[in-house]
Each structure stands twice: as C-alpha cells, then as structure tokens.
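The file structure_32.txt contains compact mmCIF, C-alpha atoms:
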# COMPACT_ATOMS: atom_id res chain seq x y z
CA MET I 1 141.70 111.36 130.76
CA ASN I 2 143.72 111.99 127.63
CA ASN I 3 142.58 111.20 124.12
CA SER I 4 144.49 107.96 123.74
CA THR I 5 143.10 106.62 127.01
CA TRP I 6 139.63 107.66 125.93
CA ARG I 7 140.03 105.90 122.59
CA LEU I 8 141.03 102.79 124.50
CA VAL I 9 137.86 103.04 126.63
CA VAL I 10 135.70 103.31 123.51
CA VAL I 11 137.48 100.42 121.79
CA VAL I 12 137.10 98.20 124.87
CA ALA I 13 133.41 99.16 125.07
CA ALA I 14 132.91 98.30 121.41
CA LEU I 15 134.73 94.97 121.72
CA LEU I 16 132.74 94.07 124.81
CA THR I 17 129.50 94.87 123.01
CA VAL I 18 130.45 92.87 119.92
CA GLY I 19 131.59 89.91 122.03
CA ALA I 20 128.55 89.87 124.33
CA THR I 21 126.17 90.27 121.39
CA GLY I 22 127.82 87.47 119.45
CA PHE I 23 127.79 85.17 122.48
CA ALA I 24 124.11 85.83 123.26
CA LEU I 25 122.93 85.45 119.67
CA GLY I 26 125.07 82.37 119.12
CA ALA I 27 123.89 80.69 122.31
CA GLY I 28 120.26 81.56 121.58
CA LEU I 29 120.40 80.16 118.07
CA ALA I 30 122.42 77.07 119.02
CA SER I 31 120.04 76.12 121.83
CA GLU I 32 116.87 76.60 119.78
CA PRO I 33 114.97 73.30 120.06
CA ALA I 34 114.56 71.33 116.85
CA SER I 35 110.97 70.45 117.63
CA VAL I 36 108.40 72.53 119.43
CA SER I 37 104.73 71.94 120.12
CA ARG I 38 102.88 75.19 119.75
CA PRO I 39 99.31 76.12 120.69
CA ALA I 40 96.47 74.58 118.67
CA THR I 41 98.42 71.39 118.25
CA SER I 42 98.89 68.42 120.48
CA VAL I 43 101.36 65.59 120.47
CA ALA I 44 100.21 62.16 121.49
CA ALA I 45 102.12 59.17 122.72
CA THR I 46 100.85 55.75 123.61
CA SER I 47 102.52 53.31 125.94
CA THR I 48 102.17 49.58 125.41
CA THR I 49 102.34 46.93 128.05
CA SER I 50 103.59 43.83 126.29
CA ALA I 51 106.28 41.71 127.94
CA GLY I 52 106.90 44.22 130.63
CA THR I 53 108.26 46.80 128.30
CA SER I 54 106.99 50.20 127.63
CA THR I 55 107.46 52.20 124.50
CA SER I 56 106.51 55.68 123.69
CA THR I 57 106.15 57.17 120.28
CA ALA I 58 105.79 60.80 119.51
CA PRO I 59 104.96 62.17 116.08
CA PRO I 60 107.44 64.42 114.31
CA ALA I 61 107.94 68.00 115.27
CA VAL I 62 105.21 70.52 114.82
CA ASP I 63 106.13 73.80 113.24
CA ALA I 64 104.43 77.16 113.02
CA ASP I 65 103.27 76.86 109.46
CA GLY I 66 101.23 73.81 110.16
CA GLN I 67 103.48 71.18 108.63
CA THR I 68 102.67 68.47 111.06
CA SER I 69 101.19 65.05 111.36
CA ALA I 70 100.09 65.64 114.91
CA PRO I 71 96.36 65.59 115.59
CA PRO I 72 94.51 68.83 116.24
CA SER I 73 94.05 70.13 119.73
CA ILE I 74 91.74 68.11 121.90
CA ALA I 75 89.06 69.14 124.31
CA ILE I 76 90.15 68.50 127.87
CA SER I 77 87.36 66.85 129.79
CA THR I 78 88.70 66.35 133.28
CA VAL I 79 90.20 68.19 136.18
CA ALA I 80 92.69 71.00 135.81
CA ALA I 81 94.18 70.56 139.25
CA THR I 82 93.92 67.80 141.76
CA PRO I 83 95.34 67.24 145.20
CA ALA I 84 98.77 65.67 145.18
CA GLY I 85 98.67 61.92 145.44
CA SER I 86 94.95 61.70 144.84
CA ALA I 87 93.37 58.86 142.88
CA LEU I 88 91.64 59.93 139.69
CA THR I 89 89.08 57.88 137.89
CA GLY I 90 88.46 59.76 134.62
CA GLU I 91 89.72 58.48 131.33
CA ARG I 92 91.58 61.73 130.71
CA VAL I 93 93.56 63.60 133.30
CA GLU I 94 95.11 67.01 132.82
CA ILE I 95 98.36 68.09 134.42
CA THR I 96 98.98 71.80 134.04
CA ILE I 97 102.44 73.30 133.76
CA SER I 98 102.28 76.64 135.52
CA ASN I 99 104.80 78.91 137.27
CA PHE I 100 107.63 76.44 136.68
CA ALA I 101 105.76 73.55 138.33
CA PHE I 102 103.53 70.64 137.41
CA VAL I 103 100.05 71.00 138.93
CA SER I 104 99.36 68.49 140.29
CA ALA I 105 102.76 66.93 140.08
CA ASP I 106 101.86 63.66 141.81
CA VAL I 107 98.76 61.86 140.62
CA SER I 108 97.37 58.34 140.68
CA VAL I 109 95.41 57.07 137.69
CA PRO I 110 93.96 53.73 136.60
CA ALA I 111 95.64 51.90 133.73
CA GLY I 112 94.36 53.06 130.37
CA THR I 113 94.04 56.68 131.43
CA THR I 114 95.19 59.35 129.03
CA VAL I 115 97.25 61.99 130.80
CA VAL I 116 97.34 65.39 129.11
CA PHE I 117 100.06 67.92 129.93
CA VAL I 118 99.21 71.54 129.11
CA ASN I 119 101.89 74.24 129.26
CA GLU I 120 100.45 77.49 130.61
CA ASP I 121 103.84 79.10 131.24
CA GLU I 122 105.50 81.63 129.00
CA ALA I 123 108.64 79.51 129.16
CA VAL I 124 109.09 76.37 127.10
CA HIS I 125 108.85 73.10 129.04
CA ASN I 126 108.89 69.41 128.28
CA VAL I 127 107.97 66.17 130.00
CA LEU I 128 110.36 63.23 130.12
CA SER I 129 110.58 60.06 132.18
CA ASP I 130 113.59 57.83 132.66
CA ASP I 131 111.71 54.78 131.38
CA GLY I 132 110.83 56.53 128.13
CA GLN I 133 107.06 56.37 128.60
CA LEU I 134 106.86 60.15 128.64
CA GLN I 135 108.82 61.87 125.88
CA SER I 136 107.25 65.14 124.89
CA PRO I 137 108.74 67.63 122.49
CA ASP I 138 109.36 71.11 123.88
CA LEU I 139 105.97 72.68 124.61
CA GLU I 140 105.45 76.38 124.09
CA ARG I 141 102.70 78.22 125.95
CA GLY I 142 99.42 76.50 125.12
CA GLY I 143 101.19 73.41 123.76
CA THR I 144 99.87 70.04 124.91
CA TYR I 145 101.25 66.54 125.16
CA GLU I 146 99.16 63.48 125.86
CA VAL I 147 100.09 59.95 126.72
CA THR I 148 97.96 56.89 127.39
CA LEU I 149 99.38 54.82 130.22
CA GLY I 150 98.64 51.12 130.17
CA GLN I 151 101.20 49.53 132.45
CA PRO I 152 100.70 49.72 136.23
CA GLY I 153 103.61 51.19 138.13
CA THR I 154 105.11 54.49 139.11
CA ILE I 155 106.50 56.87 136.53
CA ALA I 156 108.81 59.62 137.71
CA TYR I 157 108.99 62.51 135.27
CA ILE I 158 110.76 65.84 134.96
CA CYS I 159 111.07 68.84 132.69
CA ASN I 160 114.61 68.31 131.51
CA ILE I 161 115.05 72.01 130.71
CA HIS I 162 114.21 72.95 134.31
CA GLN I 163 115.12 69.83 136.25
CA PHE I 164 113.74 71.12 139.54
CA MET I 165 110.30 70.50 137.98
CA GLN I 166 109.44 66.94 138.95
CA GLY I 167 106.43 64.72 139.47
CA THR I 168 105.18 61.16 139.57
CA ILE I 169 102.27 59.32 138.01
CA THR I 170 101.16 56.16 139.78
CA VAL I 171 99.32 53.87 137.39
CA THR I 172 97.06 51.42 139.22
CA PRO I 173 95.69 48.16 137.74
CA MET L 1 121.25 118.36 137.95
CA LYS L 2 120.16 118.69 134.33
CA LEU L 3 118.46 116.20 132.04
CA ALA L 4 120.56 115.04 129.10
CA THR L 5 119.56 116.33 125.69
CA ASP L 6 121.93 114.17 123.64
CA PRO L 7 119.74 111.90 121.47
CA LEU L 8 122.15 109.00 121.97
CA ARG L 9 121.89 109.27 125.75
CA ILE L 10 118.11 109.55 125.58
CA THR L 11 117.85 106.49 123.31
CA THR L 12 120.25 104.55 125.55
CA ALA L 13 118.13 105.37 128.59
CA ALA L 14 114.90 104.42 126.79
CA VAL L 15 116.04 100.98 125.65
CA THR L 16 117.62 100.35 129.05
CA VAL L 17 114.27 101.01 130.72
CA ILE L 18 112.62 98.66 128.21
CA LEU L 19 115.02 95.81 128.97
CA GLY L 20 114.42 96.31 132.69
CA ALA L 21 110.65 96.35 132.17
CA ILE L 22 110.81 93.03 130.33
CA HIS L 23 112.77 91.45 133.19
CA LEU L 24 110.31 92.88 135.72
CA GLN L 25 107.36 91.48 133.77
CA LEU L 26 108.98 88.03 133.65
CA TYR L 27 109.71 88.21 137.38
CA MET L 28 106.12 89.14 138.19
CA GLU L 29 104.67 86.58 135.77
CA SER L 30 106.44 83.43 136.91
CA TYR L 31 110.18 83.73 137.40
CA LYS L 32 109.70 84.71 141.05
CA ASP L 33 108.41 81.16 141.56
CA ILE L 34 111.56 79.44 140.33
CA PRO L 35 112.96 77.51 143.29
CA ILE L 36 116.51 78.71 142.60
CA ASP L 37 116.76 81.84 144.72
CA ASN L 38 119.36 83.68 142.65
CA ILE L 39 117.36 83.44 139.43
CA GLY L 40 114.20 85.16 140.58
CA ARG L 41 116.20 87.79 142.45
CA SER L 42 118.45 88.45 139.48
CA PHE L 43 115.44 89.33 137.30
CA LEU L 44 114.24 91.78 139.93
CA LEU L 45 117.77 93.12 140.39
CA ASN L 46 118.06 93.61 136.64
CA ALA L 47 114.90 95.73 136.63
CA VAL L 48 116.20 97.93 139.46
CA ALA L 49 119.66 98.20 137.88
CA SER L 50 118.14 99.16 134.53
CA LEU L 51 116.19 102.00 136.04
CA THR L 52 119.30 103.16 137.89
CA ALA L 53 121.50 102.99 134.77
CA ALA L 54 118.91 104.92 132.76
CA ALA L 55 118.83 107.59 135.47
CA VAL L 56 122.63 107.78 135.53
CA VAL L 57 122.91 108.32 131.78
CA MET L 58 120.13 110.92 131.81
CA LEU L 59 121.11 112.87 134.93
CA TRP L 60 124.90 112.58 135.25
CA SER L 61 126.64 114.73 132.69
CA HIS L 62 130.01 113.04 133.17
CA GLN L 63 131.45 111.56 129.99
CA LEU L 64 131.68 108.13 131.62
CA ALA L 65 127.96 107.97 132.47
CA PRO L 66 127.10 105.74 129.47
CA VAL L 67 129.36 103.07 130.99
CA ALA L 68 126.54 102.19 133.43
CA PRO L 69 124.01 101.03 130.79
CA LEU L 70 126.86 99.61 128.73
CA LEU L 71 127.98 97.26 131.50
CA LEU L 72 124.42 96.37 132.46
CA ALA L 73 123.40 95.54 128.87
CA ASN L 74 126.50 93.50 128.16
CA SER L 75 126.37 91.58 131.44
CA THR L 76 122.70 90.79 130.77
CA LEU L 77 123.59 89.55 127.28
CA ILE L 78 126.30 87.33 128.76
CA ALA L 79 123.86 86.00 131.38
CA PHE L 80 121.38 85.23 128.59
CA GLY L 81 124.06 83.36 126.68
CA LEU L 82 125.15 81.41 129.77
CA SER L 83 121.57 80.36 130.48
CA ARG L 84 121.50 78.74 127.03
CA THR L 85 124.52 76.56 127.78
CA ASP L 86 124.40 73.07 129.30
CA ARG L 87 125.61 74.34 132.67
CA GLY L 88 123.21 77.26 132.72
CA ILE L 89 123.52 80.15 135.12
CA PHE L 90 123.18 79.34 138.82
CA GLY L 91 122.11 75.92 137.51
CA PHE L 92 119.18 77.41 135.60
CA THR L 93 118.85 76.73 131.89
CA GLU L 94 116.58 77.89 129.12
CA ARG L 95 116.40 77.07 125.43
CA GLY L 96 116.49 79.24 122.36
CA TRP L 97 114.27 82.29 122.47
CA SER L 98 112.02 81.06 125.27
CA PRO L 99 110.08 82.68 126.83
CA THR L 100 108.41 84.04 123.72
CA PRO L 101 108.42 86.89 122.86
CA GLN L 102 110.18 88.33 125.92
CA ALA L 103 113.57 86.67 125.36
CA ALA L 104 114.01 87.98 121.82
CA ALA L 105 112.67 91.41 122.78
CA ALA L 106 115.02 91.62 125.77
CA VAL L 107 118.05 90.61 123.70
CA ALA L 108 117.14 93.21 121.07
CA ALA L 109 116.85 95.90 123.77
CA GLU L 110 120.14 94.81 125.37
CA ILE L 111 122.00 94.95 122.04
CA ALA L 112 120.48 98.37 121.30
CA ALA L 113 121.40 99.66 124.77
CA ALA L 114 124.99 98.43 124.42
CA VAL L 115 125.41 99.88 120.93
CA PHE L 116 123.88 103.27 121.77
CA ALA L 117 125.86 103.47 125.00
CA THR L 118 129.08 102.80 123.05
CA LEU L 119 128.16 105.48 120.52
CA ALA L 120 127.30 107.88 123.34
CA LEU L 121 130.72 107.28 124.88
CA ALA L 122 132.48 107.88 121.56
CA THR L 123 130.58 111.01 120.57
CA THR L 124 130.67 112.59 124.03
CA ARG L 125 134.44 112.69 123.92
CA THR L 126 134.51 113.92 120.33
CA THR L 127 132.25 116.81 121.19
CA GLU L 128 134.33 117.82 124.19
CA THR L 129 137.53 117.53 122.18
CA ASP L 130 136.03 119.71 119.46
CA ILE L 131 135.07 122.35 122.01
CA GLU L 132 138.55 122.32 123.52
CA SER L 133 140.18 122.71 120.12
CA MET L 134 137.80 125.53 119.24
CA ARG L 135 138.74 127.31 122.47
CA SER L 136 142.44 126.96 121.79

Whole structure given in structure tokens:
Amino acid sequence: MNNSTWRLVVVVAALLTVGATGFALGAGLASEPASVSRPATSVAATSTTSAGTSTSTAPPAVDADGQTSAPPSIAISTVAATPAGSALTGERVEITISNFAFVSADVSVPAGTTVVFVNEDEAVHNVLSDDGQLQSPDLERGGTYEVTLGQPGTIAYICNIHQFMQGTITVTP
Amino acid sequence: MKLATDPLRITTAAVTVILGAIHLQLYMESYKDIPIDNIGRSFLLNAVASLTAAAVVMLWSHQLAPVAPLLLANSTLIAFGLSRTDRGIFGFTERGWSPTPQAAAAVAAEIAAAVFATLALATTRTTETDIESMRS
C-alpha cells in the first residue's frame, strides 16, 4: 500500500469516526425525553368517571434537582406480582416493570383502586393507554407512576418506547 | 505472535473491551429478555466482537489491525443512533441516554475506541515510513 492510499485509508477512518460520533451524540441528545420520573419521586394521575369520559392529569416533569410538584414517594402496600387475570381487592395494586415486561401485565381491580407502576428496569419505560387514562412520564429505574381508576371497563396499555410491552387492567364495578 | 507495545493500540484494545463488557452486562441484566430476537443477540454479538477486535489489535502486528476496533466502534455508534430514531433498529427503540449510566458510558467508550483506532492507524504508517526513509 503506497503512502497516498494509506492517507486515504486514514482520512476515511477519520471521517467515519466523526460522522458516526456526530450521529450518535445528535440522536442521543435529540431523543432525550423532556420529562422523566426518577427514583424517590412519584407521579400521580386520577381518572374521573363523569358522563362516561375519563381524564387523566399528570403533574409537570420531575427533574434531578428536585424542582417538582409531584408528591414524594409512597409506600407500596399491596402485591408485587399477581397471576395474570386475577382479581385483586386491595385499594392499591402494584404493577412492576421488569425485564422489558409488565408484571403482572393483566390484572382485574375494583373501581377506585389505585394502580402503582414501578420501573425496576435499567431502561426507561412509560405507561400509556389509548383512552388517555394512563399517561405516565418516562420512568427511570425506581420511578413510579400511580393512577386511581374509577370507571369500570378494560384499559389496554403499553410502553410506547417498547411497544411489545403490553397489558390490560380490567376495572370492575 | 507478539503482544503490541504501542500505547495507542493498547488503549484502543482497553476501551474496546470496556464497550463489549457494557453490552454483555446489559444483555445479562435484561436485554436477553427483549422479545425481538435480533436485539438480544446483537448485544451478545457485540461483546464477542469487542473481545475479538481487542485481540486483533493487540496480537496482529499488521498495520491494518486497528481497522477491526474502528469498524466495530463506529458501527456500534451508528446502531446506537438508529435506536434513538422513530424507526429504531430491528423495530427496537430507546430514548436519550437510557439505560443509565450504561448508554452514556458505552457511547464514550465507542468514541474513544474509534478515535484511538484512527490515531493508531495514522501513527503506525508514519512510523513505518520513517523507518523506511531512515534505511534508504
């Protein structure tokens, strides 16, 4: 390989490195979520049942330096994992996010139950339903999201970052 | 076969092993459970390829040896970038620097591996050219 060919190899290597680095850093920065729920904070949402509509409200984003209106972390008082499709009677139900799955993904709860999602994965996840009853911010590891469900029916939800993560909550009267 | 003594090659090999170790840790932790076959496998493949590339740059004295970690690091950076787009990679998407802190650490190691590999390529040739001119 002569010197000019070698110079070309080095220049191509340098250009490839600059391009790949720029692409990765740009994509990482551009896709950074605007709001993230981090450990030691929780985000609550409450659904209402009037006139057959359901609304969900989530407080503003929570950031690392504590500038948040979200309530402090809550003590979880019920099960960490339940059989799929089982009926649960507690006032608070925990659904764990672990290994890129909701555990348990499919639960049945009485109306008025507060469902708490806890992210135990290293990856960021969120919880969203088509009807808008579940609208969490992105949850980092240890982040929680809770929602009180008042209207009977079935709510299908997903993590919209990893859309293969799906589940349903059946709210009974 | 002789171990490389060039500091640039040694540094390239070290950061390449680190980037592979991060991918292996993520695979073992939870990425093996992702129900998209290619994603879990690609993390494991990255770990194996990293170890191989590090061995190549340390054990193969050929001037093109740094190309192995260079291509691995840059292709991993591109895969990272693609996974942060709407289409994702193999349909798999992530956001920002998640998982924390592995994503940022892996990107830092990949950039370092690519830069040091490029420098190793450039200086290897310079050294050989210098030797040739000294001989003549």

- Message: Near chain I, meaning an atom within 7 Å, which residues of chain L appear when counting all atoms listed in the file? Write them as number ranges by chain.
- Response: L: 30, 33-34, 74, 77-78, 80-81, 84-85, 92-100, 111, 114-115, 118, 121-122

Region 60-70 of chain L: axis-aligned bounding box, 4 Å on each side, centre and edge lengths in Å, one decimal, as AutoDock Vina command-line options:
--center_x 127.8 --center_y 107.2 --center_z 132.0 --size_x 15.7 --size_y 23.1 --size_z 14.5

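Distances here use all atoms listed in the file; by that measure, the residue among L:Asn38, L:Ser50, L:Gln63, L:Thr11 closest to Ala106 (chain L) is L:Ser50.
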
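Between CA of Leu128 (chain I) and CA of Ala156 (chain I) the separation is 8.5 Å.
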
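In this comparison, which uses all atoms listed in the file, the residue of L:Met28, L:Leu64, L:Ala55, L:Ala109 approaching Ile10 (chain L) most closely is L:Ala55.
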
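Taking only C-alpha atoms into account, Leu134 (chain I) lies nearest to I:Thr168 out of the set I:Thr168, I:Thr5, I:Val93, I:Ser104.
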
As a CSV table (one decimal), keeping the file's coordinate frame, could you write out region 90-116 of chain I once it has been completed with N, CA and C atoms?
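Result file follows (rebuild-v3.csv):
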chain,number,residue,atom,x,y,z
I,90,GLY,N,88.8,59.4,136.0
I,90,GLY,CA,88.5,59.8,134.6
I,90,GLY,C,89.4,59.1,133.6
I,91,GLU,N,88.9,59.1,132.4
I,91,GLU,CA,89.7,58.5,131.3
I,91,GLU,C,90.8,59.5,130.8
I,92,ARG,N,90.6,60.7,131.1
I,92,ARG,CA,91.6,61.7,130.7
I,92,ARG,C,91.9,62.6,131.9
I,93,VAL,N,93.1,62.8,132.2
I,93,VAL,CA,93.6,63.6,133.3
I,93,VAL,C,94.5,64.7,132.8
I,94,GLU,N,94.3,65.9,133.3
I,94,GLU,CA,95.1,67.0,132.8
I,94,GLU,C,96.1,67.4,133.9
I,95,ILE,N,97.3,67.5,133.5
I,95,ILE,CA,98.4,68.1,134.4
I,95,ILE,C,98.8,69.4,133.8
I,96,THR,N,98.6,70.5,134.5
I,96,THR,CA,99.0,71.8,134.0
I,96,THR,C,100.4,72.1,134.4
I,97,ILE,N,101.1,72.8,133.5
I,97,ILE,CA,102.4,73.3,133.8
I,97,ILE,C,102.3,74.8,134.0
I,98,SER,N,102.5,75.2,135.2
I,98,SER,CA,102.3,76.6,135.5
I,98,SER,C,103.3,77.1,136.5
I,99,ASN,N,103.8,78.3,136.3
I,99,ASN,CA,104.8,78.9,137.3
I,99,ASN,C,105.9,78.0,137.6
I,100,PHE,N,106.5,77.3,136.6
I,100,PHE,CA,107.6,76.4,136.7
I,100,PHE,C,107.3,75.3,137.6
I,101,ALA,N,106.1,74.7,137.5
I,101,ALA,CA,105.8,73.6,138.3
I,101,ALA,C,104.7,72.8,137.6
I,102,PHE,N,104.6,71.5,137.9
I,102,PHE,CA,103.5,70.6,137.4
I,102,PHE,C,102.4,70.7,138.5
I,103,VAL,N,101.2,70.9,138.0
I,103,VAL,CA,100.0,71.0,138.9
I,103,VAL,C,98.9,70.1,138.4
I,104,SER,N,98.6,69.0,139.1
I,104,SER,CA,99.4,68.5,140.3
I,104,SER,C,100.5,67.6,139.8
I,105,ALA,N,101.6,67.7,140.5
I,105,ALA,CA,102.8,66.9,140.1
I,105,ALA,C,102.6,65.4,140.3
I,106,ASP,N,102.0,65.1,141.4
I,106,ASP,CA,101.9,63.7,141.8
I,106,ASP,C,100.4,63.2,141.7
I,107,VAL,N,100.1,62.3,140.8
I,107,VAL,CA,98.8,61.9,140.6
I,107,VAL,C,98.7,60.3,140.5
I,108,SER,N,97.6,59.8,140.8
I,108,SER,CA,97.4,58.3,140.7
I,108,SER,C,96.2,58.1,139.7
I,109,VAL,N,96.4,57.3,138.7
I,109,VAL,CA,95.4,57.1,137.7
I,109,VAL,C,95.3,55.6,137.4
I,110,PRO,N,94.1,55.1,137.0
I,110,PRO,CA,94.0,53.7,136.6
I,110,PRO,C,94.6,53.5,135.2
I,111,ALA,N,95.0,52.2,135.0
I,111,ALA,CA,95.6,51.9,133.7
I,111,ALA,C,94.7,52.2,132.6
I,112,GLY,N,95.2,52.7,131.5
I,112,GLY,CA,94.4,53.1,130.4
I,112,GLY,C,94.0,54.5,130.3
I,113,THR,N,94.4,55.2,131.4
I,113,THR,CA,94.0,56.7,131.4
I,113,THR,C,95.0,57.5,130.5
I,114,THR,N,94.4,58.4,129.8
I,114,THR,CA,95.2,59.4,129.0
I,114,THR,C,95.5,60.6,129.9
I,115,VAL,N,96.8,60.8,130.0
I,115,VAL,CA,97.2,62.0,130.8
I,115,VAL,C,97.6,63.1,129.8
I,116,VAL,N,97.1,64.3,130.0
I,116,VAL,CA,97.3,65.4,129.1
I,116,VAL,C,98.1,66.5,129.9
